[in-house]
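Student: Data: data-v4.pdb, PDB, C-alpha atoms.
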ATOM      1  CA  GLY A   1      37.650 -69.660   1.666  1.00  0.00           C
ATOM      2  CA  GLN A   2      35.030 -67.082   2.487  1.00  0.00           C
ATOM      3  CA  ASP A   3      35.409 -67.635   6.244  1.00  0.00           C
ATOM      4  CA  GLN A   4      39.115 -66.797   6.094  1.00  0.00           C
ATOM      5  CA  ARG A   5      38.420 -63.586   4.191  1.00  0.00           C
ATOM      6  CA  LEU A   6      35.911 -62.506   6.830  1.00  0.00           C
ATOM      7  CA  ALA A   7      38.452 -63.213   9.560  1.00  0.00           C
ATOM      8  CA  VAL A   8      41.115 -61.172   7.757  1.00  0.00           C
ATOM      9  CA  LEU A   9      38.670 -58.299   7.247  1.00  0.00           C
ATOM     10  CA  GLY A  10      37.681 -58.350  10.922  1.00  0.00           C
ATOM     11  CA  THR A  11      41.299 -58.361  12.041  1.00  0.00           C
ATOM     12  CA  SER A  12      42.159 -55.521   9.657  1.00  0.00           C
ATOM     13  CA  LEU A  13      39.293 -53.418  10.990  1.00  0.00           C
ATOM     14  CA  ALA A  14      40.395 -54.112  14.563  1.00  0.00           C
ATOM     15  CA  VAL A  15      43.910 -52.871  13.752  1.00  0.00           C
ATOM     16  CA  LEU A  16      42.478 -49.805  12.015  1.00  0.00           C
ATOM     17  CA  PHE A  17      40.315 -48.940  15.023  1.00  0.00           C
ATOM     18  CA  THR A  18      43.327 -49.315  17.303  1.00  0.00           C
ATOM     19  CA  VAL A  19      45.429 -47.030  15.076  1.00  0.00           C
ATOM     20  CA  LEU A  20      42.596 -44.493  15.138  1.00  0.00           C
ATOM     21  CA  GLN A  21      42.801 -44.554  18.966  1.00  0.00           C
ATOM     22  CA  ALA A  22      39.630 -46.531  19.601  1.00  0.00           C
ATOM     23  CA  PRO A  23      41.044 -49.695  21.224  1.00  0.00           C
ATOM     24  CA  ASP A  24      37.748 -50.639  22.875  1.00  0.00           C
ATOM     25  CA  VAL A  25      36.001 -50.707  19.502  1.00  0.00           C
ATOM     26  CA  GLY A  26      38.995 -52.571  18.053  1.00  0.00           C
ATOM     27  CA  LEU A  27      38.739 -55.303  20.673  1.00  0.00           C
ATOM     28  CA  SER A  28      35.007 -55.654  20.082  1.00  0.00           C
ATOM     29  CA  GLN A  29      35.586 -55.875  16.333  1.00  0.00           C
ATOM     30  CA  LEU A  30      38.296 -58.469  16.853  1.00  0.00           C
ATOM     31  CA  ALA A  31      35.951 -60.647  18.891  1.00  0.00           C
ATOM     32  CA  VAL A  32      32.980 -60.318  16.559  1.00  0.00           C
ATOM     33  CA  GLY A  33      34.593 -59.908  13.147  1.00  0.00           C
ATOM     34  CA  SER A  34      37.359 -62.467  13.302  1.00  0.00           C
ATOM     35  CA  ALA A  35      35.906 -65.095  15.623  1.00  0.00           C
ATOM     36  CA  LEU A  36      32.152 -64.992  16.128  1.00  0.00           C
ATOM     37  CA  THR A  37      30.933 -64.260  12.605  1.00  0.00           C
ATOM     38  CA  PRO A  38      32.951 -67.024  10.851  1.00  0.00           C
ATOM     39  CA  LEU A  39      31.928 -69.467  13.587  1.00  0.00           C
ATOM     40  CA  LEU A  40      28.225 -68.663  13.100  1.00  0.00           C
ATOM     41  CA  ILE A  41      28.563 -69.031   9.332  1.00  0.00           C
ATOM     42  CA  MET A  42      30.268 -72.423   9.660  1.00  0.00           C
ATOM     43  CA  LEU A  43      27.629 -73.676  12.109  1.00  0.00           C
ATOM     44  CA  SER A  44      24.819 -72.461   9.855  1.00  0.00           C
ATOM     45  CA  VAL A  45      26.272 -74.175   6.792  1.00  0.00           C
ATOM     46  CA  ARG A  46      26.722 -77.403   8.756  1.00  0.00           C
ATOM     47  CA  LYS A  47      23.107 -77.308   9.946  1.00  0.00           C
ATOM     48  CA  VAL A  48      21.774 -76.683   6.434  1.00  0.00           C
ATOM     49  CA  ARG A  49      23.849 -79.570   5.072  1.00  0.00           C
ATOM     50  CA  ARG A  50      22.540 -81.909   7.770  1.00  0.00           C
ATOM     51  CA  ARG A  51      18.926 -80.960   7.027  1.00  0.00           C
ATOM     52  CA  SER A  52      19.380 -81.521   3.308  1.00  0.00           C
ATOM     53  CA  ALA A  53      21.066 -84.878   3.981  1.00  0.00           C
ATOM     54  CA  HIS A  54      18.249 -86.081   6.242  1.00  0.00           C
ATOM     55  CA  GLY A  55      15.402 -84.729   4.172  1.00  0.00           C
ATOM     56  CA  LYS A  56      12.562 -82.773   5.678  1.00  0.00           C
ATOM     57  CA  ASP A  57      13.010 -81.328   9.175  1.00  0.00           C
ATOM     58  CA  SER A  58      11.053 -83.468  11.682  1.00  0.00           C
ATOM     59  CA  ARG A  59      10.021 -80.428  13.786  1.00  0.00           C
ATOM     60  CA  GLN A  60       7.785 -78.988  11.096  1.00  0.00           C
TER      61      GLN A  60
END
Show the structure stored in the file as structure tokens.

Tutor:
Amino acid sequence: GQDQRLAVLGTSLAVLFTVLQAPDVGLSQLAVGSALTPLLIMLSVRKVRRRSAHGKDSRQ
């Protein structure tokens, strides 16, 4: 799905940065683009689904 496409894009950018002789930027991109961003999206979607399943948020 969308998460896999983001991971592929992040990995591709990391390879491109490495080819362009910026391995430090490539490693950072690999960590953020292919791992952290999809994880945050999945957690956000899960939280939204839980809130809609339980109705109104009790903290409001």

Student: Neighbouring residues of A:Thr37 were defined as those with any atom within 9 Å, considering all atoms listed in the file; residues of the same chain fewer than 5 positions away were excluded. Please report them as a list in words.

Tutor: Asp3, Leu6, Ala7, Ala31, Val32 and Met42 of chain A

Student: So what do you get for atom CA of A:Arg46 versus atom CA of A:Gln29, distance-wise?

Tutor: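 Those two atoms sit 24.5 Å apart.
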
Student: When you look at A:Ala14 with a cut-off of 12 Å (counting all atoms listed in the file), what residues show up, excluding the ones that are within fewer than 5 positions of it in the same chain? I need them as a list in words.

Tutor: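 My list of contacting residues is Ala7, Val8, Leu9, Val19, Leu20, Gln21, Ala22, Pro23, Asp24, Val25, Gly26, Leu27, Ser28, Gln29, Leu30, Ala31, Val32, Gly33, Ser34 and Ala35 of chain A.
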
Student: Which distance in Å separates atom CA of A:Gln4 and atom CA of A:Ser52, to one decimal?

Tutor: 24.8 Å

Student: One decimal, in Å: what's the spacing between atom CA of A:Pro38 and atom CA of A:Ala53?

Tutor: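 For atom CA of A:Pro38 relative to atom CA of A:Ala53, the distance reads 22.5 Å.
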
Student: Could you work out an axis-aligned bounding box for all listed atoms of stretch 30-40 of chain A, with 3 Å added on each of the six sides, and give its centre and edge lengths in Å to one decimal, as lines of an AutoDock Vina configuration file?

Tutor:
center_x = 33.3
center_y = -64.0
center_z = 14.9
size_x = 16.1
size_y = 17.0
size_z = 14.0
